[in-house]
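Trainee: Sharing a structure with you now.
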Amino acid sequence: MQSTPRVRVYLACSLDGAVAGPDDDLSFLADPGPADSPAADAEVLRFPDFLAQVGALLMGRRTFDVVAGMGVEWPYGDIPVLVATHRPLHDAPSTVQAVRGPIDTLVARARTLAGDADVYIDGADIVRQALTAGLVDELCLTIVPVVLGRGALRLFDGVDAVQPLEFVSSRRFDRGMLQLTVRPRR
């Protein structure tokens with residue numbers, strides 16, 4: 001592990017900044033071009049390496065519902081997951097707990113759970129809140145070469161102040177995806 005745990009974002013989005021199409025449609029992620037398999041994509045995009053550095057995850061309820069409804073094995077294994085919600089979670093994995101409160105309190109709770117590991121923040125609304133509050137240390141965004149247009153859920157819609165960022169790295173993948181790592185300039 002690195003010496004200082006970070007609060008990190010790892011998301012895929014369309015070229016126009018959408019993390020989901022209308023009705024939370026994620027099909028644009030599965031078909032940006034020719035590929036062997038979604039599992040191969042995860043390996044190529046280094047998600048398992050990223051997840052190995054994570055000690056806790058904080059996500060919004062909408063994101064939880066989408067992931068839980070995908071009909072696949074829970075992708076976060078034994079990592080503790082905090083879901084920001086005001087409603088009960090039914091049939092959630094044992095590693096998942098509902099939480100509520102202001103974003104700084106939720107991130108602090110996730111940091112405590114993560115210990116010496118990183119905190120992973122997922123979900124457009126939670127990411128926007130954490131970014132606005134100055135709580136995000138790094139964003140890894142995989143840009144899928146598609147424009148989703150009207151009705152899509154945009155990652156940065158609702159950010160209410162300029163957020164100066166700096167590019168840390170970029171990597172292009174065979175299927176035309178571009179992965180950017182950026183950090184807030186403080």
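Chains: A, B, ... in order of the structure tokens. Residues: from 1 per chain. Ligands: from 1, in order shown.
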Excluding A:Val67 and any residue of its chain fewer than 5 positions from it, enumerate the residues within 12 Å of it, using only C-alpha atoms, and give them as number ranges by chain.
Mentor: A: 24-26, 59-62, 72-76, 83, 92-93, 122-123
Trainee: Could you write out that same residue set with C-alpha atoms as a short mmCIF file (atom, residue, chain, number, x, y, z; two decimals), in the first residue's frame?
Mentor:
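What ended up in again24.cif:
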data_model
loop_
_atom_site.label_atom_id
_atom_site.label_comp_id
_atom_site.auth_asym_id
_atom_site.auth_seq_id
_atom_site.Cartn_x
_atom_site.Cartn_y
_atom_site.Cartn_z
CA ASP A 24 -29.75 3.98 -15.97
CA ASP A 25 -28.88 2.15 -19.20
CA LEU A 26 -25.25 0.98 -19.15
CA MET A 59 -21.69 4.73 -3.20
CA GLY A 60 -25.07 6.27 -3.74
CA ARG A 61 -28.33 4.33 -3.56
CA ARG A 62 -28.98 4.63 -7.29
CA VAL A 72 -23.96 -10.84 -11.65
CA GLU A 73 -21.92 -11.81 -8.61
CA TRP A 74 -21.33 -8.85 -6.25
CA PRO A 75 -18.24 -7.26 -7.84
CA TYR A 76 -16.68 -5.85 -4.64
CA VAL A 83 -24.57 3.05 0.61
CA ALA A 92 -27.88 -6.62 0.31
CA PRO A 93 -24.62 -8.57 0.71
CA ASP A 122 -18.88 5.57 -6.88
CA GLY A 123 -22.04 7.16 -8.24
#
Trainee: Between stretch 42-128 of chain A and stretch 134-143 of chain A, at 9 Å or less, what are the per-residue closest atom pairs and their distances in Å? Count only C-alpha atoms, order by chain and rising residue number, and return it as CSV.
Mentor:
residue,atom,partner,partner_atom,distance
A:Leu45,CA,A:Thr142,CA,8.2
A:Ile103,CA,A:Leu135,CA,8.7
A:Asp104,CA,A:Leu135,CA,7.5
A:Val107,CA,A:Leu135,CA,7.7
A:Ile121,CA,A:Val136,CA,8.5
A:Val127,CA,A:Val136,CA,8.0
Trainee: Take the selection from the previous step and output its residues with C-alpha atoms, as a short mmCIF file (atom, residue, chain, number, x, y, z; two decimals), in the first residue's frame.
Mentor:
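File produced: out03.cif:
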data_model
loop_
_atom_site.label_atom_id
_atom_site.label_comp_id
_atom_site.auth_asym_id
_atom_site.auth_seq_id
_atom_site.Cartn_x
_atom_site.Cartn_y
_atom_site.Cartn_z
CA LEU A 45 -8.61 -1.39 -17.68
CA ILE A 103 -20.71 13.97 2.54
CA ASP A 104 -17.80 14.86 4.84
CA VAL A 107 -16.23 10.02 3.61
CA ILE A 121 -16.34 6.65 -4.27
CA VAL A 127 -18.82 11.95 -6.66
#
Trainee: Skipping near chain neighbours, those fewer than 6 positions away, what residues fall within 8 Å of A:Gln163 using only C-alpha atoms, listed as an NGL selection string?
Mentor: :A and (131-132 or 184)
Trainee: Could you pull out the helix (DSSP H, G or I) residues of stretch 116-182 of chain A from DSSP and send them as a list in words?
Mentor: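 Filtering stretch 116-182 of chain A down to helix (DSSP H, G or I) leaves Ala124, Asp125, Ile126, Val127, Arg128, Gln129, Ala130, Leu131 and Thr132 of chain A.
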Trainee: With a distance cut-off of 7 Å and only C-alpha atoms, select the neighbouring residues of A:Leu155, excluding the residue or stretch itself and same-chain residues fewer than 6 positions from it, and output the selection as a PDB file with N, CA and C atoms, in the first residue's frame.
Mentor:
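Written out: result05.pdb:
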ATOM      1  N   GLY A  17     -19.630  12.929 -21.171  1.00  0.00           N
ATOM      2  CA  GLY A  17     -19.620  12.961 -19.711  1.00  0.00           C
ATOM      3  C   GLY A  17     -20.740  12.218 -19.019  1.00  0.00           C
ATOM      4  N   ALA A  18     -21.443  11.331 -19.715  1.00  0.00           N
ATOM      5  CA  ALA A  18     -22.544  10.587 -19.107  1.00  0.00           C
ATOM      6  C   ALA A  18     -22.046   9.270 -18.515  1.00  0.00           C
ATOM      7  N   VAL A  19     -22.524   8.962 -17.315  1.00  0.00           N
ATOM      8  CA  VAL A  19     -22.187   7.691 -16.678  1.00  0.00           C
ATOM      9  C   VAL A  19     -23.278   6.652 -16.892  1.00  0.00           C
ATOM     10  N   ALA A 124     -22.613   9.103  -9.541  1.00  0.00           N
ATOM     11  CA  ALA A 124     -22.492  10.496  -9.980  1.00  0.00           C
ATOM     12  C   ALA A 124     -22.782  11.501  -8.873  1.00  0.00           C
TER      13      ALA A 124
END
Trainee: Smallest atom-to-atom distance to A:Val9: which of A:Leu51, A:Asp65, A:Phe28, A:Val96, using only C-alpha atoms?
Mentor: A:Leu51
Trainee: For stretch 97-101 of chain A, list every protein, DNA or RNA residue within 7 Å, evaluated using only C-alpha atoms, and leave out those in the same chain fewer than 2 positions away; present the list as a PyMOL selection string.
Mentor: chain A and resi 81-86+89+95+103+105-106
Trainee: Using DSSP on the backbone coordinates, identify all residues within stretch 33-181 of chain A classified as strand (DSSP E); present the result as an MDAnalysis selection string.
Mentor: chainID A and resid 54:60 81:84 96:99 118:122 138:144 153:154 165:172 178:181
Trainee: Would you export the selected residues with N, CA and C atoms as a compact mmCIF listing (two decimals), in the first residue's frame, please?
Mentor:
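Saved file selection-v5.txt follows:
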# COMPACT_ATOMS: atom_id res chain seq x y z
N VAL A 54 -8.22 -0.75 -2.45
CA VAL A 54 -9.38 -0.16 -1.80
C VAL A 54 -9.73 -0.91 -0.51
N GLY A 55 -9.96 -0.11 0.55
CA GLY A 55 -10.34 -0.69 1.83
C GLY A 55 -11.80 -0.49 2.16
N ALA A 56 -12.46 0.45 1.48
CA ALA A 56 -13.90 0.71 1.68
C ALA A 56 -14.43 1.46 0.48
N LEU A 57 -15.71 1.27 0.24
CA LEU A 57 -16.37 1.91 -0.90
C LEU A 57 -17.58 2.68 -0.38
N LEU A 58 -17.76 3.89 -0.90
CA LEU A 58 -18.93 4.71 -0.60
C LEU A 58 -19.66 4.94 -1.91
N MET A 59 -20.92 4.53 -1.98
CA MET A 59 -21.69 4.73 -3.20
C MET A 59 -23.08 5.25 -2.88
N GLY A 60 -23.71 5.81 -3.89
CA GLY A 60 -25.07 6.27 -3.74
C GLY A 60 -26.06 5.13 -3.91
N VAL A 81 -18.90 -1.85 2.01
CA VAL A 81 -19.55 -0.89 1.13
C VAL A 81 -20.58 -0.10 1.94
N LEU A 82 -20.44 1.22 1.90
CA LEU A 82 -21.42 2.11 2.53
C LEU A 82 -22.30 2.66 1.42
N VAL A 83 -23.62 2.55 1.60
CA VAL A 83 -24.57 3.05 0.61
C VAL A 83 -25.32 4.22 1.23
N ALA A 84 -25.14 5.40 0.64
CA ALA A 84 -25.84 6.59 1.12
C ALA A 84 -27.30 6.51 0.69
N VAL A 96 -22.43 -4.85 3.03
CA VAL A 96 -23.07 -3.58 2.66
C VAL A 96 -23.88 -3.05 3.83
N GLN A 97 -23.75 -1.75 4.09
CA GLN A 97 -24.59 -1.12 5.10
C GLN A 97 -25.09 0.24 4.62
N ALA A 98 -26.31 0.56 5.00
CA ALA A 98 -26.91 1.85 4.67
C ALA A 98 -26.37 2.90 5.62
N VAL A 99 -26.08 4.08 5.07
CA VAL A 99 -25.61 5.21 5.87
C VAL A 99 -26.29 6.47 5.39
N ASP A 118 -7.18 2.76 0.38
CA ASP A 118 -7.92 3.85 -0.26
C ASP A 118 -9.42 3.70 -0.08
N VAL A 119 -10.12 4.81 -0.24
CA VAL A 119 -11.58 4.84 -0.29
C VAL A 119 -11.96 5.03 -1.75
N TYR A 120 -12.91 4.23 -2.20
CA TYR A 120 -13.43 4.30 -3.56
C TYR A 120 -14.82 4.92 -3.48
N ILE A 121 -15.04 6.00 -4.23
CA ILE A 121 -16.34 6.65 -4.27
C ILE A 121 -16.95 6.37 -5.63
N ASP A 122 -18.21 5.92 -5.64
CA ASP A 122 -18.88 5.57 -6.88
C ASP A 122 -20.30 6.13 -6.90
N GLU A 138 -8.27 11.79 -6.30
CA GLU A 138 -7.93 11.34 -7.64
C GLU A 138 -9.16 10.81 -8.35
N LEU A 139 -9.25 11.08 -9.65
CA LEU A 139 -10.32 10.53 -10.48
C LEU A 139 -9.68 9.75 -11.62
N CYS A 140 -10.09 8.50 -11.80
CA CYS A 140 -9.68 7.70 -12.94
C CYS A 140 -10.94 7.52 -13.79
N LEU A 141 -10.96 8.18 -14.95
CA LEU A 141 -12.13 8.18 -15.81
C LEU A 141 -11.79 7.49 -17.12
N THR A 142 -12.55 6.46 -17.46
CA THR A 142 -12.37 5.78 -18.73
C THR A 142 -13.43 6.33 -19.68
N ILE A 143 -12.97 7.01 -20.72
CA ILE A 143 -13.86 7.64 -21.69
C ILE A 143 -14.17 6.64 -22.80
N VAL A 144 -15.46 6.34 -22.96
CA VAL A 144 -15.92 5.43 -23.99
C VAL A 144 -16.29 6.28 -25.21
N LEU A 153 -27.43 10.50 -17.77
CA LEU A 153 -27.01 10.97 -16.45
C LEU A 153 -25.56 11.43 -16.55
N ARG A 154 -25.34 12.72 -16.44
CA ARG A 154 -24.00 13.29 -16.60
C ARG A 154 -23.27 13.38 -15.26
N LEU A 165 -8.41 20.98 -12.18
CA LEU A 165 -7.83 19.64 -12.15
C LEU A 165 -6.52 19.64 -12.90
N GLU A 166 -5.70 18.62 -12.66
CA GLU A 166 -4.48 18.45 -13.43
C GLU A 166 -4.42 17.01 -13.94
N PHE A 167 -3.99 16.86 -15.20
CA PHE A 167 -3.84 15.53 -15.77
C PHE A 167 -2.61 14.87 -15.18
N VAL A 168 -2.78 13.62 -14.75
CA VAL A 168 -1.67 12.85 -14.19
C VAL A 168 -1.17 11.85 -15.21
N SER A 169 -2.11 11.17 -15.88
CA SER A 169 -1.73 10.20 -16.90
C SER A 169 -2.89 9.93 -17.84
N SER A 170 -2.55 9.33 -18.97
CA SER A 170 -3.57 8.89 -19.91
C SER A 170 -3.10 7.59 -20.55
N ARG A 171 -4.08 6.81 -20.95
CA ARG A 171 -3.77 5.53 -21.60
C ARG A 171 -4.88 5.20 -22.57
N ARG A 172 -4.52 4.87 -23.80
CA ARG A 172 -5.49 4.50 -24.83
C ARG A 172 -5.56 2.98 -24.90
N LEU A 178 -10.27 5.67 -23.72
CA LEU A 178 -9.16 6.48 -23.22
C LEU A 178 -9.33 6.61 -21.72
N GLN A 179 -8.33 6.19 -20.97
CA GLN A 179 -8.39 6.28 -19.51
C GLN A 179 -7.53 7.46 -19.05
N LEU A 180 -8.18 8.39 -18.35
CA LEU A 180 -7.51 9.58 -17.84
C LEU A 180 -7.47 9.53 -16.32
N THR A 181 -6.33 9.85 -15.77
CA THR A 181 -6.23 10.02 -14.34
C THR A 181 -5.96 11.50 -14.09
Trainee: Just give me the gap between atom CA of A:Val66 and atom CA of A:Ile79 in Å, one decimal is fine.
Mentor: 18.0 Å
Trainee: So, with only C-alpha atoms as the atoms that count, which of A:Ser27, A:Thr4, A:Gln129, A:Ser94 lies closest to A:Gly158?
Mentor: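 Under the stated criterion, the closest residue is A:Gln129.
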Trainee: Quick one: distance from atom CA of A:Arg183 to atom CA of A:Val7 in Å, one decimal?
Mentor: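 That distance, rounded to one decimal, is 10.6 Å.
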